[in-house]
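For reference, start_30.csv (CSV, C-alpha atoms):
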chain,number,residue,atom,x,y,z
A,1,MET,CA,0.0,0.0,0.0
A,2,GLN,CA,2.9,2.4,0.7
A,3,GLU,CA,4.2,1.9,-2.7
A,4,ARG,CA,1.0,3.1,-4.3
A,5,GLN,CA,1.0,6.2,-2.1
A,6,TRP,CA,4.6,6.9,-2.9
A,7,THR,CA,4.0,6.4,-6.6
A,8,THR,CA,1.0,8.7,-6.6
A,9,ALA,CA,2.9,11.4,-4.7
A,10,ARG,CA,5.9,11.1,-6.9
A,11,ARG,CA,3.8,11.3,-10.0
A,12,SER,CA,2.2,14.4,-8.7
A,13,GLU,CA,5.7,15.9,-8.1
A,14,VAL,CA,6.9,15.0,-11.5
A,15,ASP,CA,3.7,16.4,-13.1
A,16,ALA,CA,4.3,19.7,-11.3
A,17,LEU,CA,8.0,19.7,-12.4
A,18,ALA,CA,7.0,19.0,-16.0
A,19,GLU,CA,4.5,21.9,-16.0
A,20,GLN,CA,7.2,24.2,-14.6
A,21,LEU,CA,9.8,23.1,-17.2
A,22,ALA,CA,7.3,23.6,-20.0
A,23,LYS,CA,6.7,27.1,-18.8
A,24,GLN,CA,10.4,27.8,-18.6
A,25,LEU,CA,10.9,26.3,-22.1
A,26,GLN,CA,8.3,28.6,-23.5
A,27,GLU,CA,9.9,31.6,-21.9
A,28,VAL,CA,13.3,30.6,-23.3
A,29,GLN,CA,11.9,30.1,-26.8
A,30,VAL,CA,10.3,33.6,-26.7
A,31,GLU,CA,13.6,35.2,-25.6
A,32,ARG,CA,15.5,33.2,-28.2
A,33,ASP,CA,13.2,34.5,-30.9
A,34,GLU,CA,13.6,38.1,-29.6
A,35,LEU,CA,17.4,37.8,-29.6
A,36,ALA,CA,17.3,36.5,-33.2
A,37,ILE,CA,15.3,39.6,-34.2
A,38,ALA,CA,17.7,41.9,-32.4
A,39,GLU,CA,20.7,40.2,-34.0
A,40,ARG,CA,19.2,40.7,-37.5
A,41,VAL,CA,18.5,44.4,-36.7
A,42,LEU,CA,22.0,44.9,-35.4
A,43,ASN,CA,23.5,43.2,-38.5
A,44,ARG,CA,21.4,45.4,-40.8
A,45,LEU,CA,22.4,48.6,-38.9
A,46,SER,CA,26.1,47.5,-39.0
A,47,GLU,CA,25.8,47.0,-42.8
A,48,GLN,CA,24.2,50.4,-43.2
A,49,ALA,CA,26.9,52.0,-41.1
A,50,GLU,CA,29.6,50.4,-43.2
A,51,GLN,CA,27.9,51.5,-46.4
A,52,ALA,CA,27.6,55.0,-45.1
A,53,GLN,CA,31.3,55.1,-44.1
A,54,ALA,CA,32.3,53.8,-47.6
A,55,GLU,CA,30.1,56.5,-49.2
A,56,ALA,CA,31.6,59.2,-47.0
A,57,ALA,CA,35.1,58.0,-47.8
A,58,SER,CA,34.3,58.1,-51.6
A,59,GLY,CA,32.4,61.3,-51.5
A,60,ILE,CA,29.4,59.7,-53.3
A,61,SER,CA,26.0,59.3,-51.7
A,62,LYS,CA,23.2,56.9,-52.6
A,63,ASP,CA,21.3,59.6,-54.4
A,64,GLY,CA,24.2,60.3,-56.8
A,65,ARG,CA,25.5,63.4,-55.1
A,66,VAL,CA,29.2,64.1,-55.1
A,67,GLY,CA,30.4,66.6,-52.6
A,68,GLY,CA,26.7,67.6,-51.9
A,69,ILE,CA,26.1,68.4,-55.6
A,70,ALA,CA,23.6,66.4,-57.6
A,71,HIS,CA,24.8,65.0,-60.9
A,72,PRO,CA,22.4,63.8,-63.6
A,73,ALA,CA,22.4,60.1,-64.5
A,74,PRO,CA,24.1,59.3,-67.8
Spit out the file's structure as structure tokens when you get a sec.
Amino acid sequence: MQERQWTTARRSEVDALAEQLAKQLQEVQVERDELAIAERVLNRLSEQAEQAQAEAASGISKDGRVGGIAHPAP
């Protein structure tokens, strides 16, 4: 009879632990997704900064201006 009580109590403990772990896993997955988004944004900003530095070094902007003066397209 004691085995049955122990088994029932232990199963209850394990069920509670499984519920807690499922909640933690969900929270971790949400944070992982948020970090992946942040990483993509930071990579994009870094690429834009590198491009802006290259444009500044060459004196040519995206809109075709050289030294602040617009030049017509050929």
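Distance-wise, atom CA of A:Ala38 and atom CA of A:Ala54 end up 24.2 Å apart.
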**Prompt:** For the atom pair atom CA of A:Arg44 and atom CA of A:Ala57, what is the interatomic distance in Å to one decimal place?
**Reply:**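 Taking atom CA of A:Arg44 and atom CA of A:Ala57, their separation equals 19.9 Å.
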Extending 8 Å beyond the listed atoms of stretch 32-37 of chain A on each side, what axis-aligned box results? I want centre and edge lengths in Å to one decimal, as JSON.
{"center_x": 15.3, "center_y": 36.4, "center_z": -31.2, "size_x": 20.2, "size_y": 22.4, "size_z": 22.0}
Hey, can you check how far atom CA of A:Ser46 sits from atom CA of A:Glu34?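 Computing it gives 18.2 Å between the two atoms.
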